[in-house]
file model22.txt (compact mmCIF, C-alpha atoms)
# COMPACT_ATOMS: atom_id res chain seq x y z
CA MET X 1 -22.40 -40.72 2.44
CA ARG X 2 -20.05 -37.74 2.82
CA ASP X 3 -16.56 -38.64 3.99
CA ALA X 4 -16.30 -37.20 7.50
CA ARG X 5 -12.51 -37.22 7.27
CA LYS X 6 -12.33 -34.61 4.49
CA PRO X 7 -12.89 -31.47 6.61
CA ALA X 8 -10.07 -32.52 8.94
CA ALA X 9 -7.80 -33.15 5.98
CA VAL X 10 -8.64 -29.71 4.59
CA VAL X 11 -7.84 -28.10 7.94
CA VAL X 12 -4.47 -29.87 8.04
CA LEU X 13 -3.71 -28.78 4.47
CA ILE X 14 -4.58 -25.16 5.26
CA ALA X 15 -2.44 -25.24 8.41
CA VAL X 16 0.53 -26.64 6.52
CA THR X 17 0.11 -24.04 3.76
CA LEU X 18 -0.03 -21.18 6.24
CA ALA X 19 2.99 -22.51 8.09
CA THR X 20 4.91 -22.59 4.82
CA LEU X 21 3.90 -19.03 4.02
CA VAL X 22 4.74 -17.65 7.43
CA GLY X 23 8.02 -19.51 7.95
CA THR X 24 10.16 -17.82 10.56
CA GLY X 25 9.15 -14.27 9.65
CA PRO X 26 6.49 -12.07 11.23
CA PRO X 27 3.00 -13.63 11.03
CA ALA X 28 1.53 -10.51 9.39
CA ALA X 29 3.90 -10.95 6.44
CA ALA X 30 1.86 -13.98 5.33
CA PHE X 31 -0.92 -11.65 4.17
CA TYR X 32 1.37 -10.06 1.59
CA HIS X 33 3.85 -12.89 1.25
CA ASN X 34 4.30 -12.82 -2.54
CA ALA X 35 4.67 -9.06 -2.76
CA CYS X 36 6.84 -8.42 0.28
CA ASP X 37 8.58 -11.54 1.57
CA ARG X 38 12.33 -10.94 2.21
CA THR X 39 12.14 -7.21 1.52
CA ASP X 40 13.29 -6.61 5.10
CA ALA X 41 16.64 -8.15 4.10
CA GLU X 42 17.24 -5.59 1.34
CA PRO X 43 20.16 -3.17 1.83
CA GLY X 44 18.86 0.00 3.44
CA ALA X 45 15.85 -1.66 5.06
CA PHE X 46 14.32 0.52 7.77
CA ALA X 47 15.80 -0.29 11.16
CA ASP X 48 12.81 1.23 12.97
CA ALA X 49 9.99 -0.43 11.03
CA GLY X 50 8.57 -3.79 10.06
CA ILE X 51 8.39 -5.57 6.73
CA ALA X 52 5.48 -3.51 5.34
CA ALA X 53 7.57 -0.33 5.35
CA ASP X 54 10.54 -2.19 3.85
CA CYS X 55 8.22 -3.51 1.15
CA LEU X 56 7.16 0.01 0.24
CA LYS X 57 10.79 1.07 0.03
CA VAL X 58 11.81 -1.59 -2.50
CA TYR X 59 8.86 -0.65 -4.73
CA GLY X 60 9.80 3.03 -4.55
CA ILE X 61 6.61 3.99 -2.69
CA SER X 62 8.34 5.13 0.51
CA LEU X 63 11.61 7.01 0.57
CA GLY X 64 11.79 7.33 4.33
CA LYS X 65 12.42 10.44 6.39
CA GLY X 66 15.43 12.68 6.22
CA ASP X 67 17.22 10.79 8.99
CA GLY X 68 16.83 7.44 7.21
CA THR X 69 14.04 6.16 9.44
CA PHE X 70 10.43 5.37 8.51
CA GLY X 71 8.68 6.41 11.72
CA GLU X 72 6.04 3.70 11.71
CA ASN X 73 4.49 4.96 14.96
CA ASP X 74 4.35 8.61 13.82
CA LYS X 75 0.91 10.06 13.27
CA LEU X 76 0.04 10.45 9.60
CA LEU X 77 -0.72 13.96 8.40
CA ARG X 78 -3.20 14.44 5.59
CA SER X 79 -0.50 16.01 3.41
CA GLN X 80 1.81 13.02 3.82
CA VAL X 81 -0.52 10.43 2.34
CA ALA X 82 -0.40 12.05 -1.10
CA SER X 83 3.18 11.02 -1.85
CA PHE X 84 2.58 7.38 -0.89
CA LEU X 85 -0.48 7.10 -3.12
CA ALA X 86 1.03 9.03 -6.03
CA ARG X 87 4.04 6.70 -6.08
CA LEU X 88 1.79 3.63 -5.91
CA LEU X 89 -0.14 4.92 -8.93
CA SER X 90 3.12 5.64 -10.76
CA LEU X 91 4.23 2.05 -10.11
CA GLU X 92 0.97 0.89 -11.67
CA VAL X 93 1.37 3.28 -14.62
CA VAL X 94 -1.87 5.08 -13.82
CA SER X 95 -2.06 8.58 -15.26
CA LEU X 96 -3.28 11.61 -13.33
CA ALA X 97 -4.46 14.39 -15.63
CA ASN X 98 -6.96 16.58 -13.78
CA ARG X 99 -6.25 18.93 -10.91
CA ARG X 100 -8.13 20.41 -8.00
CA SER X 101 -6.57 23.00 -5.75
CA PHE X 102 -7.28 23.96 -2.15
CA SER X 103 -6.69 27.46 -0.82
CA ASP X 104 -5.00 26.09 2.30
CA VAL X 105 -2.48 24.02 0.31
CA ASN X 106 0.26 26.52 -0.42
CA ALA X 107 3.97 27.12 0.08
CA ASN X 108 3.41 28.09 3.72
CA THR X 109 1.36 25.05 4.73
CA VAL X 110 3.03 22.51 2.40
CA PRO X 111 6.60 23.72 1.64
CA ASN X 112 7.42 20.84 -0.71
CA SER X 113 6.19 21.79 -4.20
CA GLN X 114 6.07 18.16 -5.33
CA VAL X 115 3.74 17.26 -2.47
CA ARG X 116 1.50 20.21 -3.36
CA ASP X 117 1.45 18.94 -6.94
CA GLU X 118 0.55 15.41 -5.81
CA ILE X 119 -2.29 16.70 -3.63
CA GLU X 120 -3.78 18.61 -6.57
CA LEU X 121 -3.50 15.63 -8.93
CA LEU X 122 -4.96 13.14 -6.46
CA ALA X 123 -7.78 15.56 -5.68
CA GLY X 124 -8.42 15.98 -9.40
CA ALA X 125 -8.65 12.18 -9.71
CA GLY X 126 -11.24 12.03 -6.92
CA ILE X 127 -8.99 10.16 -4.50
CA ILE X 128 -8.41 13.02 -2.10
CA ALA X 129 -11.37 15.07 -0.94
CA GLY X 130 -11.55 18.23 1.09
CA SER X 131 -13.48 18.88 4.26
CA PRO X 132 -17.03 20.28 4.32
CA ASP X 133 -15.49 23.76 4.61
CA GLY X 134 -13.82 23.28 1.23
CA LEU X 135 -10.33 23.15 2.70
CA PHE X 136 -7.89 20.25 2.75
CA HIS X 137 -6.31 20.85 6.19
CA PRO X 138 -2.90 19.41 5.21
CA GLY X 139 -1.50 19.62 8.74
CA SER X 140 -4.35 17.68 10.37
CA ASN X 141 -4.10 14.05 11.37
CA MET X 142 -5.80 11.47 9.16
CA THR X 143 -8.31 9.06 10.66
CA VAL X 144 -8.19 5.36 9.87
CA ALA X 145 -11.52 5.59 8.03
CA GLN X 146 -10.17 8.42 5.88
CA ALA X 147 -7.00 6.49 5.07
CA ALA X 148 -9.06 3.41 4.16
CA THR X 149 -11.21 5.58 1.89
CA PHE X 150 -8.18 6.98 0.08
CA MET X 151 -6.85 3.45 -0.41
CA VAL X 152 -10.15 2.16 -1.81
CA ARG X 153 -10.38 5.09 -4.23
CA THR X 154 -6.78 4.56 -5.33
CA LEU X 155 -7.42 0.91 -6.12
CA GLN X 156 -10.63 1.86 -7.91
CA LEU X 157 -8.66 4.24 -10.13
CA VAL X 158 -6.12 1.51 -10.90
CA HIS X 159 -8.95 -0.76 -12.03
CA SER X 160 -10.55 1.99 -14.13
CA GLN X 161 -7.37 2.33 -16.20
CA ARG X 162 -6.29 -1.30 -16.01
CA PRO X 163 -9.45 -3.43 -16.05
CA ASN X 164 -7.48 -6.64 -15.52
CA MET X 165 -6.71 -5.47 -11.98
CA PRO X 166 -9.09 -6.28 -9.09
CA ASP X 167 -12.32 -4.31 -9.09
CA PHE X 168 -12.62 -2.12 -6.00
CA ARG X 169 -15.49 0.33 -5.50
CA ASP X 170 -15.77 3.51 -3.47
CA GLN X 171 -18.70 2.94 -1.12
CA GLY X 172 -19.66 6.60 -0.85
CA THR X 173 -18.82 7.38 2.78
CA THR X 174 -15.76 7.00 4.97
CA SER X 175 -17.60 4.69 7.37
CA ALA X 176 -18.77 2.44 4.54
CA ASN X 177 -15.29 2.44 3.00
CA TYR X 178 -13.80 1.51 6.36
CA ASN X 179 -16.02 -1.59 6.55
CA TYR X 180 -15.36 -2.35 2.88
CA ALA X 181 -11.59 -2.14 3.40
CA LEU X 182 -11.91 -4.57 6.29
CA GLY X 183 -13.97 -6.98 4.22
CA GLN X 184 -11.65 -6.77 1.22
CA GLY X 185 -8.54 -7.39 3.31
CA ILE X 186 -7.02 -3.98 2.64
CA LEU X 187 -7.21 -2.98 6.29
CA ASP X 188 -5.97 -5.58 8.77
CA PRO X 189 -7.01 -4.72 12.35
CA SER X 190 -4.41 -7.18 13.66
CA ALA X 191 -1.51 -5.38 11.92
CA GLU X 192 1.45 -4.86 14.23
CA ASN X 193 4.47 -2.60 14.40
CA LYS X 194 8.06 -3.80 14.68
CA ASP X 195 7.61 -4.27 18.44
CA THR X 196 4.56 -6.51 17.83
CA ALA X 197 2.14 -3.94 19.23
CA GLN X 198 -1.12 -3.71 17.31
CA TYR X 199 -1.86 -0.42 15.59
CA GLN X 200 -4.98 1.43 16.64
CA SER X 201 -7.39 0.77 13.81
CA GLU X 202 -10.84 1.98 14.85
CA PRO X 203 -12.48 4.32 12.29
CA THR X 204 -12.03 7.59 14.19
CA GLN X 205 -8.57 6.83 15.56
CA THR X 206 -5.55 8.54 14.04
CA THR X 207 -3.70 6.59 11.38
CA VAL X 208 0.01 6.08 11.98
CA ARG X 209 2.50 5.68 9.15
CA GLY X 210 2.98 1.99 9.88
CA LEU X 211 -0.71 1.20 9.49
CA LEU X 212 -0.82 3.01 6.14
CA ALA X 213 2.26 1.02 5.10
CA ASP X 214 0.42 -2.17 5.98
CA MET X 215 -2.62 -1.11 3.93
CA ILE X 216 -0.43 -0.35 0.92
CA ALA X 217 1.43 -3.65 1.31
CA GLN X 218 -1.94 -5.45 1.40
CA SER X 219 -2.85 -3.55 -1.78
CA LEU X 220 0.38 -4.57 -3.51
CA GLN X 221 -0.54 -8.18 -2.83
CA LYS X 222 -4.05 -7.60 -4.21
CA LEU X 223 -2.50 -6.08 -7.33
CA GLY X 224 -0.51 -9.26 -7.89
CA LYS X 225 2.95 -7.92 -7.12
CA TRP X 226 5.73 -10.49 -6.77
CA TYR X 227 9.09 -9.78 -5.17
CA TYR X 228 12.22 -11.11 -6.85
CA LEU X 229 15.47 -10.69 -4.96
CA ASN X 230 17.48 -10.09 -8.14
CA CYS X 231 17.41 -10.57 -11.91
CA ALA X 232 18.91 -14.06 -11.64
CA GLU X 233 15.94 -15.13 -9.54
CA ALA X 234 13.51 -13.51 -11.97
CA GLN X 235 15.22 -15.22 -14.91
CA GLN X 236 15.00 -18.56 -13.16
CA ALA X 237 11.27 -17.96 -12.73
CA GLY X 238 10.99 -17.27 -16.45
CA VAL X 239 9.46 -13.80 -16.15
CA THR X 240 12.16 -11.62 -17.71
CA PRO X 241 12.23 -9.05 -19.12
CA ILE X 242 9.93 -7.38 -16.61
CA HIS X 243 8.12 -4.27 -17.81
CA ARG X 244 6.47 -1.63 -15.68
CA PRO X 245 3.83 -2.44 -14.37
CA ASP X 246 4.35 -6.23 -14.57
CA PRO X 247 3.94 -8.05 -11.22
CA GLY X 248 7.68 -8.45 -10.63
CA TYR X 249 8.73 -4.96 -11.62
CA ARG X 250 10.40 -2.72 -9.06
CA PRO X 251 12.86 0.17 -9.44
CA GLY X 252 15.74 -1.78 -7.89
CA LEU X 253 15.74 -4.16 -10.87
CA ASP X 254 15.64 -1.29 -13.34
CA PRO X 255 18.75 0.81 -12.56
CA ASP X 256 18.54 2.90 -15.73
CA GLY X 257 14.86 3.69 -15.09
CA ASP X 258 13.69 2.97 -18.63
CA GLY X 259 10.70 0.93 -17.46
CA THR X 260 12.18 -2.46 -18.32
CA ALA X 261 13.87 -4.56 -15.63
CA CYS X 262 16.25 -7.49 -16.09

call {"tool": "encode", "arguments": {"input": "model22.txt", "output": "structure tokens"}}
result
Amino acid sequence: MRDARKPAAVVVLIAVTLATLVGTGPPAAAFYHNACDRTDAEPGAFADAGIAADCLKVYGISLGKGDGTFGENDKLLRSQVASFLARLLSLEVVSLANRRSFSDVNANTVPNSQVRDEIELLAGAGIIAGSPDGLFHPGSNMTVAQAATFMVRTLQLVHSQRPNMPDFRDQGTTSANYNYALGQGILDPSAENKDTAQYQSEPTQTTVRGLLADMIAQSLQKLGKWYYLNCAEAQQAGVTPIHRPDPGYRPGLDPDGDGTAC
């Protein structure tokens, strides 16, 4: 006869494990604990944002705004997402070779030449798509379903070049990708900003920078990233030297930028 006490024991074990993961930090951090835990204590952590944004900063994915803030409640423009995704792909050593241009992406609409370059490369890789009118509309807000789609396609490209990474698949439509991102744990509808207010996360709602940061932090966890405070900690864990794109690699541990940390 099955031991009726086992389910209760399993529940207790799960509860203890989750309590250990969460500790005294924000509950949402448990979802990307290995990749992001303690990143909010790094020098230069964003004063106006939660741990997801700080996590992106230590991995070199977010540089912040000109005034040193992250702006986690700011609406995300379509042009802005390109830099986040391009830096994530660079961290994963994924090459972008093809280009696709849009007539409305130019020096007037997107003054930063690097951002224009990133848009073309991501479009050439099939991550970024234009609107039915053939334009990109760089100054328009990005919906949550669109952001989820871009994330799914980015992770699919990582897997295509690095088959040992998790296998994610573009589902063909933004609505299907939205549901897929939910099911795969890329999009967390309970994600909160620094003030513990939940982000709006319905498909047609506008994505804010903080929600995209949370999606990328979730993706870093899926990609097996592991945060080490310093090289001494990495050495104690027995993982040095750390090469790009090994799980523990981040620019802060590689001051000379040669691709090998510690």

call {"tool": "residues_near_point", "arguments": {"input": "model22.txt", "point": "(2.1, -7.7, -5.1)", "cutoff": "8 Å", "atoms": "only C-alpha atoms", "output": "list of chain:residue names"}}
result
X:Tyr32, X:Asn34, X:Ala35, X:Cys36, X:Ala217, X:Gln218, X:Ser219, X:Leu220, X:Gln221, X:Lys222, X:Leu223, X:Gly224, X:Lys225, X:Trp226, X:Tyr227, X:Pro247, X:Gly248

call {"tool": "residues_around", "arguments": {"input": "model22.txt", "residues": "range 182-193 of chain X", "least_positions_apart": "3", "cutoff": "9 Å", "atoms": "only C-alpha atoms", "output": "PyMOL selection string"}}
result
chain X and resi 28+31+49-50+72-73+148+151-152+168+177-179+196-202+210-212+214-219+222

call {"tool": "axis_aligned_box", "arguments": {"input": "model22.txt", "around": "range 33-44 of chain X", "padding_each_side": "5 Å", "output": "lines of an AutoDock Vina configuration file"}}
result
center_x = 12.0
center_y = -6.4
center_z = 1.2
size_x = 26.3
size_y = 22.9
size_z = 17.9

call {"tool": "residues_around", "arguments": {"input": "model22.txt", "residues": "range 156-165 of chain X", "least_positions_apart": "5", "cutoff": "8 Å", "atoms": "all atoms listed in the file", "output": "number ranges by chain"}}
result
X: 89, 92, 94, 125, 170, 223

call {"tool": "atom_distance", "arguments": {"input": "model22.txt", "atom1": "CA of Thr149 in chain X", "atom2": "CA of Asp104 in chain X"}}
result
21.4 Å

call {"tool": "closest_residue", "arguments": {"input": "model22.txt", "among": "X:Leu121, X:Ala53, X:Ala41, X:Val208", "to": "Val144 in chain X", "atoms": "all atoms listed in the file"}}
result
X:Val208

call {"tool": "atom_distance", "arguments": {"input": "model22.txt", "atom1": "CA of Asn230 in chain X", "atom2": "CA of Asp254 in chain X"}}
result
10.4 Å

call {"tool": "closest_residue", "arguments": {"input": "model22.txt", "among": "X:Gly130, X:Gly44, X:Gly71, X:Pro166", "to": "Val58 in chain X", "atoms": "all atoms listed in the file"}}
result
X:Gly44

call {"tool": "closest_residue", "arguments": {"input": "model22.txt", "among": "X:Ala181, X:Arg100, X:Tyr228, X:Ser90", "to": "Gly252 in chain X", "atoms": "all atoms listed in the file"}}
result
X:Tyr228

call {"tool": "closest_residue", "arguments": {"input": "model22.txt", "among": "X:Ala47, X:Gly68, X:Thr154, X:Tyr180", "to": "Arg87 in chain X", "atoms": "only C-alpha atoms"}}
result
X:Thr154

call {"tool": "residues_near_point", "arguments": {"input": "model22.txt", "point": "(-0.2, 9.8, 13.3)", "cutoff": "6 Å", "atoms": "all atoms listed in the file", "output": "JSON, numbers by chain"}}
result
{"X": [74, 75, 76, 206, 207, 208]}

call {"tool": "atom_distance", "arguments": {"input": "model22.txt", "atom1": "CA of Leu88 in chain X", "atom2": "CA of Leu56 in chain X"}}
result
8.9 Å

call {"tool": "residues_around", "arguments": {"input": "model22.txt", "residues": "Arg116 in chain X", "least_positions_apart": "5", "cutoff": "9 Å", "atoms": "all atoms listed in the file", "output": "list in words"}}
result
Ser79, Ala82, Ser101, Val105, Asn106, Ala107, Val110, Pro111 and Leu121 of chain X

call {"tool": "build_atoms", "arguments": {"input": "model22.txt", "residues": "range 68-93 of chain X", "atoms": "N, CA and C atoms", "output": "PDB file, keeping the file's coordinate frame"}}
result
ATOM      1  N   GLY X  68      16.700   8.837   7.620  1.00  0.00           N
ATOM      2  CA  GLY X  68      16.830   7.440   7.210  1.00  0.00           C
ATOM      3  C   GLY X  68      15.867   6.494   7.890  1.00  0.00           C
ATOM      4  N   THR X  69      15.018   7.004   8.765  1.00  0.00           N
ATOM      5  CA  THR X  69      14.040   6.160   9.440  1.00  0.00           C
ATOM      6  C   THR X  69      12.697   6.230   8.705  1.00  0.00           C
ATOM      7  N   PHE X  70      11.775   5.335   9.089  1.00  0.00           N
ATOM      8  CA  PHE X  70      10.430   5.370   8.510  1.00  0.00           C
ATOM      9  C   PHE X  70       9.435   6.032   9.450  1.00  0.00           C
ATOM     10  N   GLY X  71       9.606   5.812  10.755  1.00  0.00           N
ATOM     11  CA  GLY X  71       8.680   6.410  11.720  1.00  0.00           C
ATOM     12  C   GLY X  71       7.321   5.746  11.704  1.00  0.00           C
ATOM     13  N   GLU X  72       7.304   4.426  11.875  1.00  0.00           N
ATOM     14  CA  GLU X  72       6.040   3.700  11.710  1.00  0.00           C
ATOM     15  C   GLU X  72       5.005   4.048  12.788  1.00  0.00           C
ATOM     16  N   ASN X  73       5.438   4.592  13.912  1.00  0.00           N
ATOM     17  CA  ASN X  73       4.490   4.960  14.960  1.00  0.00           C
ATOM     18  C   ASN X  73       4.134   6.450  14.930  1.00  0.00           C
ATOM     19  N   ASP X  74       4.675   7.186  13.949  1.00  0.00           N
ATOM     20  CA  ASP X  74       4.350   8.610  13.820  1.00  0.00           C
ATOM     21  C   ASP X  74       2.941   8.772  13.271  1.00  0.00           C
ATOM     22  N   LYS X  75       2.241   9.778  13.780  1.00  0.00           N
ATOM     23  CA  LYS X  75       0.910  10.060  13.270  1.00  0.00           C
ATOM     24  C   LYS X  75       0.999  10.554  11.830  1.00  0.00           C
ATOM     25  N   LEU X  76       0.051  10.115  11.021  1.00  0.00           N
ATOM     26  CA  LEU X  76       0.040  10.450   9.600  1.00  0.00           C
ATOM     27  C   LEU X  76      -0.720  11.737   9.372  1.00  0.00           C
ATOM     28  N   LEU X  77      -0.050  12.721   8.769  1.00  0.00           N
ATOM     29  CA  LEU X  77      -0.720  13.960   8.400  1.00  0.00           C
ATOM     30  C   LEU X  77      -1.409  13.777   7.049  1.00  0.00           C
ATOM     31  N   ARG X  78      -2.449  14.552   6.834  1.00  0.00           N
ATOM     32  CA  ARG X  78      -3.200  14.440   5.590  1.00  0.00           C
ATOM     33  C   ARG X  78      -2.319  14.758   4.371  1.00  0.00           C
ATOM     34  N   SER X  79      -1.375  15.670   4.534  1.00  0.00           N
ATOM     35  CA  SER X  79      -0.500  16.010   3.410  1.00  0.00           C
ATOM     36  C   SER X  79       0.457  14.888   3.060  1.00  0.00           C
ATOM     37  N   GLN X  80       0.811  14.058   4.041  1.00  0.00           N
ATOM     38  CA  GLN X  80       1.810  13.020   3.820  1.00  0.00           C
ATOM     39  C   GLN X  80       1.297  11.858   2.976  1.00  0.00           C
ATOM     40  N   VAL X  81       0.002  11.602   3.044  1.00  0.00           N
ATOM     41  CA  VAL X  81      -0.520  10.430   2.340  1.00  0.00           C
ATOM     42  C   VAL X  81      -0.415  10.580   0.832  1.00  0.00           C
ATOM     43  N   ALA X  82      -0.395  11.822   0.345  1.00  0.00           N
ATOM     44  CA  ALA X  82      -0.400  12.050  -1.100  1.00  0.00           C
ATOM     45  C   ALA X  82       0.790  11.407  -1.786  1.00  0.00           C
ATOM     46  N   SER X  83       1.974  11.559  -1.202  1.00  0.00           N
ATOM     47  CA  SER X  83       3.180  11.020  -1.850  1.00  0.00           C
ATOM     48  C   SER X  83       3.132   9.503  -1.939  1.00  0.00           C
ATOM     49  N   PHE X  84       2.675   8.847  -0.869  1.00  0.00           N
ATOM     50  CA  PHE X  84       2.580   7.380  -0.890  1.00  0.00           C
ATOM     51  C   PHE X  84       1.668   6.927  -2.027  1.00  0.00           C
ATOM     52  N   LEU X  85       0.491   7.542  -2.123  1.00  0.00           N
ATOM     53  CA  LEU X  85      -0.480   7.100  -3.120  1.00  0.00           C
ATOM     54  C   LEU X  85      -0.053   7.466  -4.533  1.00  0.00           C
ATOM     55  N   ALA X  86       0.568   8.631  -4.700  1.00  0.00           N
ATOM     56  CA  ALA X  86       1.030   9.030  -6.030  1.00  0.00           C
ATOM     57  C   ALA X  86       2.098   8.069  -6.536  1.00  0.00           C
ATOM     58  N   ARG X  87       2.991   7.634  -5.651  1.00  0.00           N
ATOM     59  CA  ARG X  87       4.040   6.700  -6.080  1.00  0.00           C
ATOM     60  C   ARG X  87       3.466   5.312  -6.368  1.00  0.00           C
ATOM     61  N   LEU X  88       2.447   4.904  -5.619  1.00  0.00           N
ATOM     62  CA  LEU X  88       1.790   3.630  -5.910  1.00  0.00           C
ATOM     63  C   LEU X  88       1.152   3.679  -7.293  1.00  0.00           C
ATOM     64  N   LEU X  89       0.493   4.787  -7.616  1.00  0.00           N
ATOM     65  CA  LEU X  89      -0.140   4.920  -8.930  1.00  0.00           C
ATOM     66  C   LEU X  89       0.909   4.976 -10.038  1.00  0.00           C
ATOM     67  N   SER X  90       2.048   5.609  -9.766  1.00  0.00           N
ATOM     68  CA  SER X  90       3.120   5.640 -10.760  1.00  0.00           C
ATOM     69  C   SER X  90       3.657   4.234 -11.019  1.00  0.00           C
ATOM     70  N   LEU X  91       3.793   3.443  -9.961  1.00  0.00           N
ATOM     71  CA  LEU X  91       4.230   2.050 -10.110  1.00  0.00           C
ATOM     72  C   LEU X  91       3.276   1.274 -10.996  1.00  0.00           C
ATOM     73  N   GLU X  92       1.994   1.583 -10.884  1.00  0.00           N
ATOM     74  CA  GLU X  92       0.970   0.890 -11.670  1.00  0.00           C
ATOM     75  C   GLU X  92       0.707   1.544 -13.012  1.00  0.00           C
ATOM     76  N   VAL X  93       1.506   2.544 -13.352  1.00  0.00           N
ATOM     77  CA  VAL X  93       1.370   3.280 -14.620  1.00  0.00           C
ATOM     78  C   VAL X  93      -0.056   3.785 -14.803  1.00  0.00           C
TER      79      VAL X  93
END
